[in-house]
file start.cif (mmCIF, C-alpha atoms and all ligand atoms)
data_entry
#
loop_
_atom_site.group_PDB
_atom_site.id
_atom_site.type_symbol
_atom_site.label_atom_id
_atom_site.label_comp_id
_atom_site.auth_asym_id
_atom_site.auth_seq_id
_atom_site.Cartn_x
_atom_site.Cartn_y
_atom_site.Cartn_z
ATOM 1 C CA MET A 11 23.089 -31.115 26.706
ATOM 2 C CA ARG A 12 22.510 -34.251 24.566
ATOM 3 C CA ILE A 13 21.727 -33.195 20.989
ATOM 4 C CA GLU A 14 20.985 -35.815 18.331
ATOM 5 C CA ILE A 15 19.931 -35.636 14.701
ATOM 6 C CA ALA A 16 18.335 -38.818 13.357
ATOM 7 C CA GLN A 17 16.367 -39.908 10.311
ATOM 8 C CA GLN A 18 12.776 -40.914 11.064
ATOM 9 C CA ALA A 19 11.109 -43.467 8.795
ATOM 10 C CA PHE A 20 8.061 -42.210 6.894
ATOM 11 C CA GLY A 21 4.919 -43.324 8.767
ATOM 12 C CA SER A 22 6.766 -44.133 12.023
ATOM 13 C CA ALA A 23 5.866 -42.752 15.454
ATOM 14 C CA GLY A 24 8.876 -40.389 15.205
ATOM 15 C CA TRP A 25 7.645 -39.156 11.820
ATOM 16 C CA ARG A 26 4.163 -38.515 13.260
ATOM 17 C CA GLU A 27 5.708 -36.494 16.076
ATOM 18 C CA MET A 28 7.575 -34.457 13.453
ATOM 19 C CA VAL A 29 4.330 -33.797 11.581
ATOM 20 C CA GLY A 30 2.936 -32.476 14.885
ATOM 21 C CA LEU A 31 5.819 -30.013 15.333
ATOM 22 C CA ARG A 32 5.683 -28.939 11.684
ATOM 23 C CA THR A 33 1.937 -28.374 12.031
ATOM 24 C CA ARG A 34 2.406 -26.192 15.114
ATOM 25 C CA VAL A 35 5.288 -24.144 13.656
ATOM 26 C CA LEU A 36 4.541 -24.011 9.912
ATOM 27 C CA ARG A 37 0.788 -24.482 9.431
ATOM 28 C CA ASP A 38 -1.275 -23.533 12.523
ATOM 29 C CA PRO A 39 -0.138 -19.857 12.483
ATOM 30 C CA LEU A 40 -1.434 -19.631 8.891
ATOM 31 C CA GLY A 41 -4.732 -21.387 9.637
ATOM 32 C CA LEU A 42 -3.670 -24.240 7.321
ATOM 33 C CA ALA A 43 -3.292 -28.017 7.705
ATOM 34 C CA TYR A 44 -1.468 -30.776 5.828
ATOM 35 C CA SER A 45 -3.730 -32.888 3.630
ATOM 36 C CA GLU A 46 -3.338 -36.663 3.520
ATOM 37 C CA ALA A 47 -2.189 -36.312 -0.103
ATOM 38 C CA GLN A 48 0.537 -33.797 0.830
ATOM 39 C CA LEU A 49 1.845 -36.097 3.565
ATOM 40 C CA ALA A 50 1.703 -39.164 1.293
ATOM 41 C CA GLU A 51 4.016 -37.375 -1.178
ATOM 42 C CA GLU A 52 6.700 -37.302 1.517
ATOM 43 C CA CYS A 53 7.271 -41.054 1.379
ATOM 44 C CA THR A 54 10.411 -40.668 -0.765
ATOM 45 C CA GLN A 55 11.865 -37.796 1.299
ATOM 46 C CA VAL A 56 14.409 -37.959 4.139
ATOM 47 C CA HIS A 57 12.952 -36.853 7.481
ATOM 48 C CA LEU A 58 15.519 -35.387 9.904
ATOM 49 C CA ALA A 59 14.588 -34.844 13.553
ATOM 50 C CA LEU A 60 16.768 -32.880 15.972
ATOM 51 C CA ARG A 61 16.248 -33.894 19.606
ATOM 52 C CA VAL A 62 17.514 -32.163 22.732
ATOM 53 C CA GLU A 63 17.652 -34.550 25.697
ATOM 54 C CA GLY A 64 15.249 -36.742 23.722
ATOM 55 C CA ALA A 65 12.664 -33.973 23.130
ATOM 56 C CA LEU A 66 11.874 -33.066 19.510
ATOM 57 C CA ALA A 67 13.167 -29.531 18.860
ATOM 58 C CA GLY A 68 13.521 -29.278 15.077
ATOM 59 C CA THR A 69 12.634 -30.809 11.724
ATOM 60 C CA LEU A 70 14.044 -30.721 8.214
ATOM 61 C CA LEU A 71 13.061 -32.716 5.113
ATOM 62 C CA LEU A 72 15.443 -33.559 2.255
ATOM 63 C CA LEU A 73 14.708 -34.347 -1.366
ATOM 64 C CA LEU A 74 17.590 -36.433 -2.672
ATOM 65 C CA PRO A 75 19.494 -35.109 -5.715
ATOM 66 C CA ASP A 76 17.960 -35.455 -9.151
ATOM 67 C CA ARG A 77 19.964 -36.573 -12.208
ATOM 68 C CA SER A 78 21.629 -33.176 -12.476
ATOM 69 C CA GLY A 79 22.721 -33.306 -8.833
ATOM 70 C CA ILE A 80 20.234 -30.739 -7.533
ATOM 71 C CA ALA A 81 18.763 -31.564 -4.111
ATOM 72 C CA LYS A 82 16.168 -29.715 -2.055
ATOM 73 C CA LEU A 83 15.527 -28.759 1.573
ATOM 74 C CA ARG A 84 12.005 -28.176 2.890
ATOM 75 C CA GLN A 85 9.956 -28.010 6.085
ATOM 76 C CA MET A 86 12.660 -26.352 8.201
ATOM 77 C CA ALA A 87 11.124 -25.774 11.624
ATOM 78 C CA VAL A 88 12.531 -25.211 15.108
ATOM 79 C CA ALA A 89 10.162 -25.180 18.091
ATOM 80 C CA PRO A 90 9.905 -21.619 19.473
ATOM 81 C CA ALA A 91 11.240 -22.772 22.863
ATOM 82 C CA TRP A 92 14.484 -23.876 21.173
ATOM 83 C CA SER A 93 14.959 -21.139 18.560
ATOM 84 C CA GLY A 94 18.018 -18.888 18.487
ATOM 85 C CA GLN A 95 20.350 -21.576 19.873
ATOM 86 C CA GLY A 96 21.942 -22.780 16.637
ATOM 87 C CA PHE A 97 19.695 -25.828 16.146
ATOM 88 C CA GLY A 98 18.372 -24.668 12.785
ATOM 89 C CA ARG A 99 21.945 -24.205 11.577
ATOM 90 C CA ARG A 100 22.915 -27.677 12.818
ATOM 91 C CA LEU A 101 19.994 -29.255 10.979
ATOM 92 C CA VAL A 102 20.818 -27.544 7.677
ATOM 93 C CA LEU A 103 24.530 -28.429 7.891
ATOM 94 C CA HIS A 104 23.676 -32.029 8.763
ATOM 95 C CA GLY A 105 21.191 -32.213 5.885
ATOM 96 C CA GLU A 106 23.774 -30.830 3.460
ATOM 97 C CA GLY A 107 26.174 -33.582 4.580
ATOM 98 C CA VAL A 108 23.570 -36.264 3.882
ATOM 99 C CA LEU A 109 22.884 -34.761 0.449
ATOM 100 C CA ARG A 110 26.583 -34.409 -0.399
ATOM 101 C CA ASP A 111 27.063 -38.100 0.449
ATOM 102 C CA ALA A 112 24.114 -38.862 -1.841
ATOM 103 C CA GLY A 113 25.853 -37.081 -4.731
ATOM 104 C CA ALA A 114 24.302 -33.602 -4.587
ATOM 105 C CA ARG A 115 26.297 -30.742 -6.105
ATOM 106 C CA ALA A 116 23.804 -28.001 -5.211
ATOM 107 C CA VAL A 117 20.836 -27.444 -2.899
ATOM 108 C CA ARG A 118 17.708 -25.386 -3.540
ATOM 109 C CA LEU A 119 14.919 -24.320 -1.238
ATOM 110 C CA SER A 120 11.875 -22.103 -1.148
ATOM 111 C CA ALA A 121 12.421 -19.590 1.656
ATOM 112 C CA ARG A 122 9.845 -17.537 3.456
ATOM 113 C CA GLU A 123 10.949 -13.900 3.165
ATOM 114 C CA THR A 124 11.232 -13.789 6.967
ATOM 115 C CA ALA A 125 13.795 -16.641 6.922
ATOM 116 C CA ILE A 126 16.020 -15.409 4.053
ATOM 117 C CA GLY A 127 18.606 -13.975 6.475
ATOM 118 C CA PHE A 128 18.869 -17.349 8.237
ATOM 119 C CA TYR A 129 19.710 -19.129 4.979
ATOM 120 C CA GLU A 130 22.057 -16.324 3.825
ATOM 121 C CA ARG A 131 24.158 -16.919 6.953
ATOM 122 C CA LEU A 132 24.471 -20.526 5.805
ATOM 123 C CA GLY A 133 25.737 -19.538 2.350
ATOM 124 C CA TYR A 134 22.467 -19.594 0.369
ATOM 125 C CA ALA A 135 21.719 -16.864 -2.178
ATOM 126 C CA ALA A 136 18.244 -15.733 -3.212
ATOM 127 C CA GLU A 137 17.414 -15.815 -6.920
ATOM 128 C CA GLY A 138 14.415 -14.804 -9.006
ATOM 129 C CA PRO A 139 11.275 -12.924 -8.047
ATOM 130 C CA VAL A 140 9.171 -13.007 -4.903
ATOM 131 C CA TYR A 141 6.194 -15.410 -5.171
ATOM 132 C CA ARG A 142 3.449 -16.520 -2.825
ATOM 133 C CA GLU A 143 3.339 -19.969 -1.219
ATOM 134 C CA VAL A 144 1.121 -21.076 1.709
ATOM 135 C CA THR A 145 -0.171 -17.447 1.771
ATOM 136 C CA LEU A 146 3.326 -15.972 2.424
ATOM 137 C CA PRO A 147 5.937 -14.251 0.210
ATOM 138 C CA HIS A 148 8.803 -16.608 -0.675
ATOM 139 C CA ARG A 149 11.983 -16.612 -2.788
ATOM 140 C CA LEU A 150 14.013 -19.419 -4.267
ATOM 141 C CA MET A 151 17.453 -19.826 -2.712
ATOM 142 C CA ARG A 152 20.428 -21.887 -3.814
ATOM 143 C CA LYS A 153 23.819 -23.033 -2.537
ATOM 144 C CA SER A 154 26.565 -24.996 -4.288
ATOM 145 C CA LEU A 155 27.955 -27.805 -2.166
HETATM 146 C C1 LIG B 201 14.010 -19.813 10.824
HETATM 147 C C2 LIG B 201 14.352 -20.895 11.861
HETATM 148 C C3 LIG B 201 14.383 -22.256 11.200
HETATM 149 C C4 LIG B 201 15.746 -20.568 12.448
HETATM 150 O O1 LIG B 201 16.118 -21.603 13.362
HETATM 151 P P1 LIG B 201 16.960 -21.259 14.670
HETATM 152 O O2 LIG B 201 17.356 -22.524 15.328
HETATM 153 O O3 LIG B 201 16.204 -20.269 15.473
HETATM 154 O O4 LIG B 201 18.228 -20.522 14.028
HETATM 155 P P2 LIG B 201 19.745 -20.580 14.525
HETATM 156 O O5 LIG B 201 19.783 -20.309 15.996
HETATM 157 O O6 LIG B 201 20.376 -21.837 14.043
HETATM 158 O O7 LIG B 201 20.352 -19.312 13.751
HETATM 159 C C5 LIG B 201 21.500 -19.375 12.923
HETATM 160 C C6 LIG B 201 21.859 -17.942 12.523
HETATM 161 O O8 LIG B 201 20.795 -17.394 11.726
HETATM 162 C C7 LIG B 201 20.266 -16.220 12.357
HETATM 163 N N1 LIG B 201 18.815 -16.253 12.173
HETATM 164 C C8 LIG B 201 17.946 -17.139 12.710
HETATM 165 N N2 LIG B 201 16.700 -16.889 12.273
HETATM 166 C C9 LIG B 201 16.794 -15.809 11.456
HETATM 167 C C10 LIG B 201 15.849 -15.076 10.689
HETATM 168 N N3 LIG B 201 14.549 -15.403 10.666
HETATM 169 N N4 LIG B 201 16.295 -14.030 9.926
HETATM 170 C C11 LIG B 201 17.618 -13.687 9.930
HETATM 171 N N5 LIG B 201 18.570 -14.366 10.634
HETATM 172 C C12 LIG B 201 18.145 -15.410 11.383
HETATM 173 C C13 LIG B 201 20.678 -16.330 13.810
HETATM 174 O O9 LIG B 201 20.750 -15.059 14.410
HETATM 175 C C14 LIG B 201 22.026 -16.992 13.702
HETATM 176 O O10 LIG B 201 22.984 -16.023 13.330
HETATM 177 P P3 LIG B 201 24.552 -16.108 13.669
HETATM 178 O O11 LIG B 201 25.164 -16.820 12.489
HETATM 179 O O12 LIG B 201 24.976 -14.700 13.767
HETATM 180 O O13 LIG B 201 24.690 -16.892 14.936
HETATM 181 C C15 LIG B 201 13.343 -20.898 13.042
HETATM 182 O O14 LIG B 201 13.304 -19.637 13.639
HETATM 183 C C16 LIG B 201 11.939 -21.301 12.644
HETATM 184 O O15 LIG B 201 11.603 -22.480 12.666
HETATM 185 N N6 LIG B 201 11.097 -20.282 12.294
HETATM 186 C C17 LIG B 201 9.687 -20.512 11.989
HETATM 187 C C18 LIG B 201 9.494 -21.398 10.757
HETATM 188 C C19 LIG B 201 10.226 -20.903 9.534
HETATM 189 O O16 LIG B 201 10.214 -19.742 9.185
HETATM 190 N N7 LIG B 201 10.873 -21.864 8.868
HETATM 191 C C20 LIG B 201 11.588 -21.603 7.629
HETATM 192 C C21 LIG B 201 10.633 -21.726 6.492
HETATM 193 S S1 LIG B 201 11.433 -21.382 4.940
#
call {"tool": "encode", "arguments": {"input": "start.cif", "output": "structure tokens", "more": "lines below"}}
Ligand SMILES: CC(C)(COP(=O)(O)OP(=O)(O)OC[C@H]1O[C@@H](n2cnc3c(N)ncnc32)[C@H](O)[C@@H]1OP(=O)(O)O)[C@@H](O)C(=O)NCCC(=O)NCCS
result
Amino acid sequence: MRIEIAQQAFGSAGWREMVGLRTRVLRDPLGLAYSEAQLAEECTQVHLALRVEGALAGTLLLLLPDRSGIAKLRQMAVAPAWSGQGFGRRLVLHGEGVLRDAGARAVRLSARETAIGFYERLGYAAEGPVYREVTLPHRLMRKSL
């Protein structure tokens, strides 16, 4: 099985395909959509696409480290047909490598409560209270690199 993880340039055809997968996995089930303004804010973020035999199977976005070395992961999504096969884990580990190379010393993310166990297996720890984001309960999670 040919598995590749590649960065897709903001605004490219690959990026648009990623927005389609993210919409299907992360927004449609909630009855929500991305606004043009939300997508425009992503122009400084790193867009990682995982492809299996050329077909888009997963997405992950990276916010490069700030001055204190804190980076962020967001928009983690694996297509249902490909879930449970280690692709989410591969994407996170790859993203952490990119961020480490960019000087990150720690990574933060906002996890849906239903995904906390996934991130815990990757070494992330939840901190602080539960809060609501895109209609769902979330917690902040953090990992030192
Ligand atoms: C959560 C998600 C990204 C996981 O991706 P995946 O490719 O299915 O996960 P993997 O196969 O890489 O799983 C890695 C490990 O985490 C575990 N795991 C996966 N999803 C889990 C979950 N929701 N809760 C607890 N553990 C989970 C797996 O069992 C596996 O465990 P192992 O270490 O014993 O092998 C994916 O299911 C998804 O896109 N869900 C819908 C969108 C979503 O919730 N995104 C996260 C928003 S914060």
call {"tool": "residues_near_ligand", "arguments": {"input": "start.cif", "ligand": "ligand LIG 201 (chain B)", "cutoff": "7 Å", "atoms": "only C-alpha atoms and all ligand atoms", "output": "number ranges by chain"}}
result
A: 35-36, 85-89, 92-100, 120-122, 124-128, 131
call {"tool": "closest_residue", "arguments": {"input": "start.cif", "among": "A:Arg26, A:Lys82, A:Arg152, A:Arg32", "to": "A:Thr69", "atoms": "only C-alpha atoms"}}
result
A:Arg32
call {"tool": "resolve_selection", "arguments": {"input": "start.cif", "expression": "the PyMOL selection byres (((chain A and resi 134-137) around 10) and not hetatm)", "output": "ChimeraX atom specification"}}
result
/A:117-121,123,126-133,138-140,148-154
call {"tool": "write_last_selection", "arguments": {"input": "start.cif", "atoms": "C-alpha atoms", "output": "mmCIF file, in the coordinates of the input"}}
result
data_model
loop_
_atom_site.group_PDB
_atom_site.id
_atom_site.type_symbol
_atom_site.label_atom_id
_atom_site.label_comp_id
_atom_site.auth_asym_id
_atom_site.auth_seq_id
_atom_site.Cartn_x
_atom_site.Cartn_y
_atom_site.Cartn_z
ATOM 1 C CA VAL A 117 20.836 -27.444 -2.899
ATOM 2 C CA ARG A 118 17.708 -25.386 -3.540
ATOM 3 C CA LEU A 119 14.919 -24.320 -1.238
ATOM 4 C CA SER A 120 11.875 -22.103 -1.148
ATOM 5 C CA ALA A 121 12.421 -19.590 1.656
ATOM 6 C CA GLU A 123 10.949 -13.900 3.165
ATOM 7 C CA ILE A 126 16.020 -15.409 4.053
ATOM 8 C CA GLY A 127 18.606 -13.975 6.475
ATOM 9 C CA PHE A 128 18.869 -17.349 8.237
ATOM 10 C CA TYR A 129 19.710 -19.129 4.979
ATOM 11 C CA GLU A 130 22.057 -16.324 3.825
ATOM 12 C CA ARG A 131 24.158 -16.919 6.953
ATOM 13 C CA LEU A 132 24.471 -20.526 5.805
ATOM 14 C CA GLY A 133 25.737 -19.538 2.350
ATOM 15 C CA GLY A 138 14.415 -14.804 -9.006
ATOM 16 C CA PRO A 139 11.275 -12.924 -8.047
ATOM 17 C CA VAL A 140 9.171 -13.007 -4.903
ATOM 18 C CA HIS A 148 8.803 -16.608 -0.675
ATOM 19 C CA ARG A 149 11.983 -16.612 -2.788
ATOM 20 C CA LEU A 150 14.013 -19.419 -4.267
ATOM 21 C CA MET A 151 17.453 -19.826 -2.712
ATOM 22 C CA ARG A 152 20.428 -21.887 -3.814
ATOM 23 C CA LYS A 153 23.819 -23.033 -2.537
ATOM 24 C CA SER A 154 26.565 -24.996 -4.288
#
call {"tool": "residues_near_point", "arguments": {"input": "start.cif", "point": "(19.5, -34.6, 22.0)", "cutoff": "6 Å", "atoms": "all atoms listed in the file", "output": "VMD selection string"}}
result
chain A and resid 12 to 14 61 to 64
call {"tool": "write_last_selection", "arguments": {"input": "start.cif", "atoms": "C-alpha atoms", "output": "compact mmCIF listing (two decimals), keeping the file's coordinate frame"}}
result
# COMPACT_ATOMS: atom_id res chain seq x y z
CA ARG A 12 22.51 -34.25 24.57
CA ILE A 13 21.73 -33.20 20.99
CA GLU A 14 20.98 -35.82 18.33
CA ARG A 61 16.25 -33.89 19.61
CA VAL A 62 17.51 -32.16 22.73
CA GLU A 63 17.65 -34.55 25.70
CA GLY A 64 15.25 -36.74 23.72
call {"tool": "atom_distance", "arguments": {"input": "start.cif", "atom1": "atom CA of A:Leu74", "atom2": "atom CA of A:Ala114"}}
result
7.5 Å
call {"tool": "axis_aligned_box", "arguments": {"input": "start.cif", "around": "stretch 39-57 of chain A", "padding_each_side": "4 Å", "output": "JSON"}}
result
{"center_x": 4.8, "center_y": -30.3, "center_z": 5.7, "size_x": 27.1, "size_y": 29.4, "size_z": 21.7}
call {"tool": "build_atoms", "arguments": {"input": "start.cif", "residues": "stretch 19-30 of chain A", "atoms": "N, CA, C and O atoms", "output": "CSV table (one decimal), keeping the file's coordinate frame"}}
result
chain,number,residue,atom,x,y,z
A,19,ALA,N,11.7,-42.8,9.9
A,19,ALA,CA,11.1,-43.5,8.8
A,19,ALA,C,9.7,-42.9,8.5
A,19,ALA,O,9.0,-42.6,9.5
A,20,PHE,N,9.4,-42.7,7.3
A,20,PHE,CA,8.1,-42.2,6.9
A,20,PHE,C,7.0,-43.1,7.5
A,20,PHE,O,7.1,-44.3,7.4
A,21,GLY,N,6.0,-42.5,8.2
A,21,GLY,CA,4.9,-43.3,8.8
A,21,GLY,C,5.2,-43.8,10.2
A,21,GLY,O,4.3,-44.3,10.8
A,22,SER,N,6.4,-43.6,10.7
A,22,SER,CA,6.8,-44.1,12.0
A,22,SER,C,6.2,-43.2,13.1
A,22,SER,O,5.8,-42.1,12.8
A,23,ALA,N,6.3,-43.6,14.4
A,23,ALA,CA,5.9,-42.8,15.5
A,23,ALA,C,6.7,-41.5,15.5
A,23,ALA,O,6.2,-40.4,15.7
A,24,GLY,N,8.0,-41.6,15.2
A,24,GLY,CA,8.9,-40.4,15.2
A,24,GLY,C,8.5,-39.4,14.1
A,24,GLY,O,8.5,-38.2,14.3
A,25,TRP,N,8.1,-40.0,12.9
A,25,TRP,CA,7.6,-39.2,11.8
A,25,TRP,C,6.4,-38.4,12.2
A,25,TRP,O,6.2,-37.2,11.9
A,26,ARG,N,5.4,-39.1,12.9
A,26,ARG,CA,4.2,-38.5,13.3
A,26,ARG,C,4.4,-37.4,14.2
A,26,ARG,O,3.8,-36.3,14.2
A,27,GLU,N,5.4,-37.6,15.1
A,27,GLU,CA,5.7,-36.5,16.1
A,27,GLU,C,6.2,-35.3,15.3
A,27,GLU,O,5.9,-34.1,15.6
A,28,MET,N,7.1,-35.5,14.3
A,28,MET,CA,7.6,-34.5,13.5
A,28,MET,C,6.4,-33.7,12.8
A,28,MET,O,6.5,-32.5,12.7
A,29,VAL,N,5.5,-34.5,12.2
A,29,VAL,CA,4.3,-33.8,11.6
A,29,VAL,C,3.6,-32.9,12.6
A,29,VAL,O,3.2,-31.8,12.2
A,30,GLY,N,3.6,-33.3,13.8
A,30,GLY,CA,2.9,-32.5,14.9
A,30,GLY,C,3.7,-31.2,15.1
A,30,GLY,O,3.1,-30.1,15.1
